[in-house]
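input26.txt follows (compact mmCIF, C-alpha atoms (C1' of nucleotides)):
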```
# COMPACT_ATOMS: atom_id res chain seq x y z
CA MET A 1 -19.62 2.72 11.41
CA ARG A 2 -18.71 5.68 9.27
CA LEU A 3 -15.33 5.70 7.58
CA ARG A 4 -14.14 8.92 5.97
CA ILE A 5 -11.15 8.71 3.63
CA VAL A 6 -9.45 11.71 2.04
CA THR A 7 -6.98 11.70 -0.83
CA TRP A 8 -4.74 14.65 -1.65
CA ASN A 9 -1.80 15.24 -3.94
CA VAL A 10 0.01 17.65 -1.60
CA ASN A 11 2.93 18.53 -3.87
CA SER A 12 5.47 18.39 -1.00
CA VAL A 13 4.18 17.34 2.40
CA ARG A 14 6.77 19.43 4.26
CA LEU A 15 5.53 22.58 2.56
CA ARG A 16 1.90 21.65 3.17
CA ILE A 17 1.72 20.83 6.89
CA GLY A 18 -0.57 23.82 7.38
CA GLY A 19 -2.80 22.60 4.58
CA VAL A 20 -3.00 19.11 6.03
CA LYS A 21 -3.97 20.64 9.38
CA ARG A 22 -6.67 22.76 7.79
CA LEU A 23 -7.94 19.82 5.79
CA THR A 24 -8.17 17.55 8.82
CA GLU A 25 -9.92 20.26 10.84
CA THR A 26 -12.40 20.81 8.01
CA TRP A 27 -13.34 17.22 7.34
CA ARG A 28 -12.12 15.22 10.37
CA PRO A 29 -11.21 12.26 8.15
CA ASP A 30 -10.33 8.89 9.65
CA ILE A 31 -7.68 8.29 7.01
CA VAL A 32 -5.70 10.64 4.80
CA CYS A 33 -3.87 9.40 1.70
CA LEU A 34 -1.18 11.70 0.33
CA GLN A 35 0.67 11.69 -2.98
CA GLU A 36 3.75 13.58 -4.13
CA THR A 37 5.11 13.83 -0.60
CA LYS A 38 8.57 14.46 -2.13
CA VAL A 39 10.46 13.38 0.94
CA ALA A 40 12.59 10.41 2.01
CA ASP A 41 10.99 8.29 4.74
CA GLU A 42 13.55 9.31 7.39
CA SER A 43 12.73 12.99 6.77
CA PHE A 44 8.93 12.65 6.79
CA PRO A 45 7.39 15.18 9.23
CA GLN A 46 6.16 12.45 11.57
CA ILE A 47 5.89 14.59 14.70
CA GLU A 48 3.87 17.34 13.01
CA ILE A 49 1.48 14.84 11.42
CA ARG A 50 0.99 12.83 14.60
CA ALA A 51 0.18 16.06 16.42
CA LEU A 52 -2.81 16.51 14.09
CA GLY A 53 -4.39 13.36 15.51
CA TYR A 54 -2.97 10.76 13.15
CA PRO A 55 -0.71 8.49 15.22
CA HIS A 56 -0.55 5.74 12.58
CA VAL A 57 1.63 7.00 9.75
CA HIS A 58 2.84 4.79 6.90
CA VAL A 59 5.20 6.30 4.38
CA HIS A 60 6.74 5.21 1.12
CA GLY A 61 8.75 8.11 -0.21
CA MET A 62 11.96 9.25 -1.79
CA LYS A 63 13.98 12.42 -2.06
CA SER A 64 12.54 15.13 -4.35
CA TYR A 65 10.07 13.10 -6.38
CA ASN A 66 6.84 11.14 -6.00
CA GLY A 67 6.12 9.46 -2.66
CA VAL A 68 2.90 8.33 -1.00
CA ALA A 69 1.72 8.18 2.62
CA ILE A 70 -1.23 6.98 4.64
CA LEU A 71 -2.17 8.82 7.85
CA SER A 72 -4.69 7.12 10.10
CA ARG A 73 -6.53 7.65 13.37
CA VAL A 74 -6.99 3.90 13.71
CA PRO A 75 -4.31 1.20 13.52
CA LEU A 76 -3.90 -0.39 10.09
CA ASP A 77 -2.38 -3.75 9.34
CA GLY A 78 -0.84 -5.54 6.41
CA VAL A 79 0.87 -2.42 5.10
CA GLU A 80 2.63 -3.16 1.82
CA VAL A 81 4.19 -1.20 -0.96
CA ARG A 82 4.27 -1.99 -4.65
CA GLU A 83 6.56 -0.86 -7.40
CA TRP A 84 5.65 -0.81 -11.07
CA CYS A 85 7.43 -0.82 -14.43
CA ALA A 86 10.64 -2.23 -12.89
CA ARG A 87 11.32 1.04 -11.08
CA THR A 88 11.52 2.01 -7.43
CA ASP A 89 9.77 5.35 -7.63
CA ARG A 90 7.41 5.03 -4.65
CA ARG A 91 3.97 5.44 -6.17
CA HIS A 92 1.79 2.86 -4.39
CA ILE A 93 1.12 1.95 -0.77
CA ILE A 94 -1.47 -0.55 0.46
CA ALA A 95 -3.03 -1.11 3.88
CA ASN A 96 -5.83 -3.10 5.43
CA ILE A 97 -8.47 -1.13 7.31
CA PRO A 98 -10.15 -3.15 10.04
CA SER A 99 -13.95 -2.90 9.78
CA PRO A 100 -17.08 -4.84 10.71
CA GLY A 101 -17.80 -7.59 8.21
CA GLY A 102 -14.15 -8.03 7.31
CA GLY A 103 -11.47 -5.53 6.51
CA LEU A 104 -11.06 -3.28 3.53
CA VAL A 105 -7.98 -3.07 1.37
CA LEU A 106 -6.93 0.51 0.72
CA HIS A 107 -4.74 1.41 -2.26
CA ASN A 108 -3.09 4.82 -2.43
CA ALA A 109 -1.56 5.39 -5.86
CA TYR A 110 0.23 8.06 -7.86
CA VAL A 111 0.16 7.38 -11.60
CA PRO A 112 2.96 9.02 -13.66
CA SER A 113 1.93 12.31 -15.24
CA GLY A 114 3.20 11.33 -18.69
CA GLY A 115 5.17 14.34 -19.91
CA ASP A 116 4.16 16.60 -22.75
CA VAL A 117 3.87 14.66 -26.00
CA PRO A 118 1.07 12.09 -26.07
CA ASP A 119 3.04 9.59 -28.16
CA PRO A 120 4.73 6.61 -26.49
CA GLU A 121 7.09 6.26 -29.47
CA VAL A 122 8.76 9.60 -28.88
CA ASN A 123 7.98 10.28 -25.21
CA ASP A 124 9.28 7.76 -22.66
CA LYS A 125 7.22 9.37 -19.90
CA PHE A 126 4.02 8.78 -21.79
CA ALA A 127 5.08 5.19 -22.51
CA HIS A 128 5.74 4.78 -18.77
CA LYS A 129 2.30 6.10 -17.91
CA LEU A 130 0.55 3.69 -20.27
CA ARG A 131 2.65 0.75 -19.09
CA PHE A 132 1.93 1.69 -15.47
CA LEU A 133 -1.82 1.61 -16.10
CA ASP A 134 -1.51 -1.67 -18.01
CA GLU A 135 0.48 -3.36 -15.25
CA MET A 136 -2.03 -2.27 -12.63
CA THR A 137 -4.85 -3.56 -14.82
CA GLU A 138 -3.21 -6.95 -15.13
CA TRP A 139 -2.49 -7.15 -11.40
CA PHE A 140 -6.01 -6.18 -10.30
CA SER A 141 -7.52 -8.61 -12.80
CA ALA A 142 -6.04 -11.48 -10.81
CA TRP A 143 -8.04 -10.60 -7.65
CA PRO A 144 -11.29 -12.49 -6.95
CA LYS A 145 -13.88 -10.27 -8.61
CA LYS A 146 -16.98 -10.97 -6.56
CA ARG A 147 -16.13 -10.52 -2.92
CA VAL A 148 -13.14 -8.28 -2.71
CA ARG A 149 -13.69 -5.09 -0.70
CA MET A 150 -11.19 -2.53 -1.91
CA VAL A 151 -10.84 1.22 -2.18
CA LEU A 152 -8.45 2.80 -4.66
CA VAL A 153 -7.62 6.47 -4.18
CA GLY A 154 -5.03 8.79 -5.58
CA ASP A 155 -3.78 10.94 -8.38
CA LEU A 156 -4.47 8.79 -11.43
CA ASN A 157 -3.44 11.67 -13.70
CA VAL A 158 -6.21 10.98 -16.19
CA ALA A 159 -9.44 12.98 -16.57
CA PRO A 160 -11.72 10.42 -18.22
CA LEU A 161 -15.04 12.19 -18.83
CA GLU A 162 -15.74 15.16 -21.07
CA THR A 163 -16.96 17.01 -17.99
CA ASP A 164 -13.73 16.17 -16.15
CA VAL A 165 -11.93 18.89 -18.12
CA TRP A 166 -12.68 22.52 -18.87
CA SER A 167 -12.71 21.86 -22.61
CA HIS A 168 -12.98 18.35 -24.00
CA LYS A 169 -12.20 19.55 -27.53
CA GLN A 170 -9.14 21.58 -26.59
CA LEU A 171 -7.69 18.85 -24.40
CA LEU A 172 -8.16 15.89 -26.73
CA ASN A 173 -4.48 15.99 -27.62
CA VAL A 174 -3.23 17.09 -24.20
CA VAL A 175 -1.72 14.48 -21.89
CA SER A 176 -4.28 13.57 -19.17
CA HIS A 177 -7.30 13.58 -21.49
CA THR A 178 -6.18 11.83 -24.69
CA PRO A 179 -8.37 8.97 -25.94
CA VAL A 180 -5.54 6.44 -25.48
CA GLU A 181 -5.19 7.28 -21.76
CA VAL A 182 -8.92 7.38 -21.20
CA GLU A 183 -9.20 3.96 -22.83
CA ARG A 184 -6.38 2.57 -20.65
CA LEU A 185 -7.99 3.99 -17.50
CA GLY A 186 -11.26 2.40 -18.61
CA ARG A 187 -9.54 -0.97 -18.82
CA LEU A 188 -8.15 -0.48 -15.33
CA ALA A 189 -11.64 0.33 -14.07
CA ALA A 190 -12.98 -2.78 -15.80
CA SER A 191 -10.35 -5.02 -14.15
CA LEU A 192 -12.44 -5.29 -10.99
CA GLY A 193 -15.57 -3.43 -12.02
CA TRP A 194 -14.31 -0.42 -10.05
CA VAL A 195 -17.00 2.16 -9.26
CA ASP A 196 -16.17 5.86 -9.68
CA ALA A 197 -17.31 7.08 -6.24
CA MET A 198 -17.22 10.79 -7.04
CA ARG A 199 -19.51 10.36 -10.01
CA ARG A 200 -22.07 8.51 -7.87
CA PHE A 201 -22.70 11.85 -6.15
CA VAL A 202 -21.88 14.39 -8.86
CA PRO A 203 -23.61 13.36 -12.09
CA PRO A 204 -21.46 13.04 -15.23
CA SER A 205 -23.39 15.93 -16.77
CA GLU A 206 -21.78 18.32 -14.23
CA ARG A 207 -18.23 19.59 -14.49
CA LEU A 208 -15.96 18.42 -11.72
CA TYR A 209 -12.25 19.22 -11.26
CA THR A 210 -9.59 18.46 -8.66
CA TRP A 211 -6.59 20.20 -10.26
CA TRP A 212 -5.94 23.72 -11.55
CA SER A 213 -2.63 24.80 -13.08
CA TYR A 214 -0.30 27.06 -11.12
CA ARG A 215 0.27 28.97 -14.33
CA ALA A 216 -3.13 30.55 -14.62
CA ARG A 217 -3.17 34.18 -13.57
CA ASP A 218 -6.41 33.58 -11.69
CA TRP A 219 -7.24 29.88 -11.29
CA ALA A 220 -10.79 30.53 -10.06
CA ALA A 221 -11.70 33.06 -12.74
CA SER A 222 -10.38 31.00 -15.66
CA ASP A 223 -11.49 27.75 -13.96
CA ARG A 224 -9.59 25.62 -16.43
CA GLY A 225 -9.43 22.54 -14.27
CA ARG A 226 -9.22 18.80 -14.68
CA ARG A 227 -10.39 15.87 -12.53
CA LEU A 228 -7.15 13.96 -12.08
CA ASP A 229 -7.74 12.64 -8.57
CA HIS A 230 -10.07 9.75 -8.01
CA VAL A 231 -11.78 7.50 -5.50
CA TRP A 232 -12.83 4.08 -6.72
CA VAL A 233 -14.46 1.22 -4.84
CA THR A 234 -15.06 -2.38 -5.81
CA PRO A 235 -18.69 -3.47 -6.42
CA ALA A 236 -18.87 -5.09 -2.96
CA LEU A 237 -18.56 -1.59 -1.45
CA LYS A 238 -20.87 0.24 -3.83
CA GLY A 239 -23.73 0.00 -1.36
CA ALA A 240 -21.56 1.43 1.39
CA LEU A 241 -20.91 4.70 -0.46
CA ALA A 242 -22.47 7.49 1.58
CA GLY A 243 -20.97 10.62 0.04
CA ALA A 244 -18.09 12.19 -1.83
CA GLU A 245 -16.84 15.75 -1.99
CA VAL A 246 -14.14 17.92 -3.52
CA LEU A 247 -12.56 20.61 -1.33
CA ARG A 248 -12.35 23.19 -4.12
CA ALA A 249 -11.69 25.98 -1.62
CA ALA A 250 -8.31 24.42 -0.81
CA ARG A 251 -6.99 25.67 -4.15
CA GLY A 252 -7.36 29.20 -2.78
CA TRP A 253 -5.54 28.57 0.50
CA GLU A 254 -2.19 30.13 1.35
CA LYS A 255 0.58 28.16 -0.35
CA PRO A 256 -1.84 25.83 -2.15
CA SER A 257 -1.10 22.56 -3.86
CA ASP A 258 -2.25 22.56 -7.48
CA HIS A 259 -4.49 19.61 -6.52
CA VAL A 260 -7.30 19.77 -3.96
CA PRO A 261 -8.40 17.08 -1.49
CA VAL A 262 -11.19 14.64 -2.31
CA CYS A 263 -13.27 13.00 0.41
CA VAL A 264 -15.37 9.84 0.45
CA ASP A 265 -17.68 8.51 3.17
CA LEU A 266 -18.37 4.82 3.58
CA LYS A 267 -21.10 3.47 5.83
CA LEU A 268 -19.93 0.05 6.91
C1' DA B 1 -1.55 28.94 -25.95
C1' DT B 2 -4.40 26.84 -21.05
C1' DG B 3 -0.61 28.45 -18.86
C1' DC B 4 4.80 30.76 -18.01
C1' DC B 5 4.19 29.16 -12.14
C1' DC B 6 5.56 26.03 -8.34
C1' DC B 7 8.69 22.57 -6.02
C1' DA B 8 13.21 20.23 -4.92
C1' DT B 9 17.76 19.97 -5.81
C1' DT B 10 21.35 23.24 -4.56
C1' DA B 11 23.34 27.86 -4.70
C1' DA B 12 21.77 29.98 -10.56
C1' DA B 13 20.27 26.58 -13.16
C1' DT B 14 17.69 22.44 -14.10
C1' DG B 15 14.25 18.68 -14.12
C1' DG B 16 9.54 17.59 -13.26
C1' DG B 17 4.84 18.60 -12.90
C1' DA B 18 0.10 18.10 -16.30
```
Turn this file's structure into structure tokens for me.
Amino acid sequence: MRLRIVTWNVNSVRLRIGGVKRLTETWRPDIVCLQETKVADESFPQIEIRALGYPHVHVHGMKSYNGVAILSRVPLDGVEVREWCARTDRRHIIANIPSPGGGLVLHNAYVPSGGDVPDPEVNDKFAHKLRFLDEMTEWFSAWPKKRVRMVLVGDLNVAPLETDVWSHKQLLNVVSHTPVEVERLGRLAASLGWVDAMRRFVPPSERLYTWWSYRARDWAASDRGRRLDHVWVTPALKGALAGAEVLRAARGWEKPSDHVPVCVDLKL
DNA sequence: ATGCCCCATTAAATGGGA
């Protein structure tokens, strides 16, 4: 069976219903993971989303900030949420996807952006980001390494490779691409031997972005992007990877998010 | 300088994004 999962930082789900519709018509994903929904659970646009063909909607949101959601064509079970860094800021939702040969565990996460100054001593937001990554690393390290079949998607807010940013040199001291964050993300990846699905299909020698600032006069012409959104799978699923794609065109849609959707196909 | 916009709150500013 083919399983297509999409992840998208929508930057307000209520403002992006049209974008979600267009995305689902373009790619026909089985499951859509959203971040930055920016809406309390009781105000989530359930009816509009269900009408797009996703009757199974699991939300974990709050007013104004953060928030994650999983939209699915198929029923999911074991839905859980996790909070990190002793906060309740709604950044992680987990579900089991039934599949032949045992289910998959799906993680949908939104890592803190980290503010402006890349120094945890003077910037609490950056300290929060590093602690968030460290706590996730510790938690994933406790899972059984060999057999676990898991997918981690979301806005990890770190662009790890030199080709994940428009200028490695100019972004070395800019939050999202600093060596300390890249190292922390590397430790998270090592916790379970996570495989970077996007880079299995787009070689590390090629530039690849999923985010372009709203502030650029012409995002496409300047093309100063970063790859902040990721799809990772555990080694047990590496052989199931059948494709990955970035919907770059979505950045040019009416009322765009500053992030674009990323798609992965698994052959199970 | 990369860039000075977008989103949610609430009613003109402010906080957050990255």
- Task: Would you mind reading off the distance between CA of Pro261 in chain A and CA of Leu247 in chain A, one decimal, in Å?
- Result: 5.5 Å
- Message: List as a PyMOL selection string the protein and nucleic acid residues near DG17 in chain B, meaning an atom at most 9 Å away when only C-alpha atoms (C1' of nucleotides) are counted, but skip any in the same chain fewer than 6 places from it.
- Response: (chain A and resi 113+115) or (chain B and resi 6-7)
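Excluding Leu133 in chain A and any residue on its chain fewer than 5 positions from it, the residues at most 7 Å away by all atoms listed in the file are Arg184, Leu185 and Leu188 of chain A.
Taking CA of Val68 in chain A as the reference point, CA of Gly193 in chain A is found at 24.5 Å.
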- Item | Contact residues around Phe140 in chain A with only C-alpha atoms (C1' of nucleotides) at 7 Å, ignoring same-chain residues under 4 positions, as a list in words | Met136, Ser191 and Leu192 of chain A
Final N, CA and C atoms of range 179-191 of chain A as a tab-separated table (two decimals), in the frame of the given file:
```tsv
chain	number	residue	atom	x	y	z
A	179	PRO	N	-7.57	10.20	-25.85
A	179	PRO	CA	-8.37	8.97	-25.94
A	179	PRO	C	-7.59	7.71	-25.52
A	180	VAL	N	-6.30	7.65	-25.84
A	180	VAL	CA	-5.54	6.44	-25.48
A	180	VAL	C	-5.44	6.27	-23.96
A	181	GLU	N	-5.24	7.37	-23.23
A	181	GLU	CA	-5.19	7.28	-21.76
A	181	GLU	C	-6.55	6.95	-21.17
A	182	VAL	N	-7.56	7.61	-21.71
A	182	VAL	CA	-8.92	7.38	-21.20
A	182	VAL	C	-9.31	5.91	-21.40
A	183	GLU	N	-8.91	5.36	-22.54
A	183	GLU	CA	-9.20	3.96	-22.83
A	183	GLU	C	-8.44	3.05	-21.85
A	184	ARG	N	-7.18	3.37	-21.59
A	184	ARG	CA	-6.38	2.57	-20.65
A	184	ARG	C	-6.95	2.65	-19.23
A	185	LEU	N	-7.39	3.84	-18.83
A	185	LEU	CA	-7.99	3.99	-17.50
A	185	LEU	C	-9.29	3.20	-17.43
A	186	GLY	N	-10.02	3.18	-18.54
A	186	GLY	CA	-11.26	2.40	-18.61
A	186	GLY	C	-10.99	0.92	-18.43
A	187	ARG	N	-9.90	0.44	-18.99
A	187	ARG	CA	-9.54	-0.97	-18.82
A	187	ARG	C	-9.18	-1.26	-17.37
A	188	LEU	N	-8.47	-0.31	-16.75
A	188	LEU	CA	-8.15	-0.48	-15.33
A	188	LEU	C	-9.43	-0.55	-14.50
A	189	ALA	N	-10.37	0.33	-14.80
A	189	ALA	CA	-11.64	0.33	-14.07
A	189	ALA	C	-12.38	-1.00	-14.27
A	190	ALA	N	-12.28	-1.54	-15.48
A	190	ALA	CA	-12.98	-2.78	-15.80
A	190	ALA	C	-12.35	-4.00	-15.13
A	191	SER	N	-11.07	-3.87	-14.70
A	191	SER	CA	-10.35	-5.02	-14.15
A	191	SER	C	-11.09	-5.64	-12.97
```
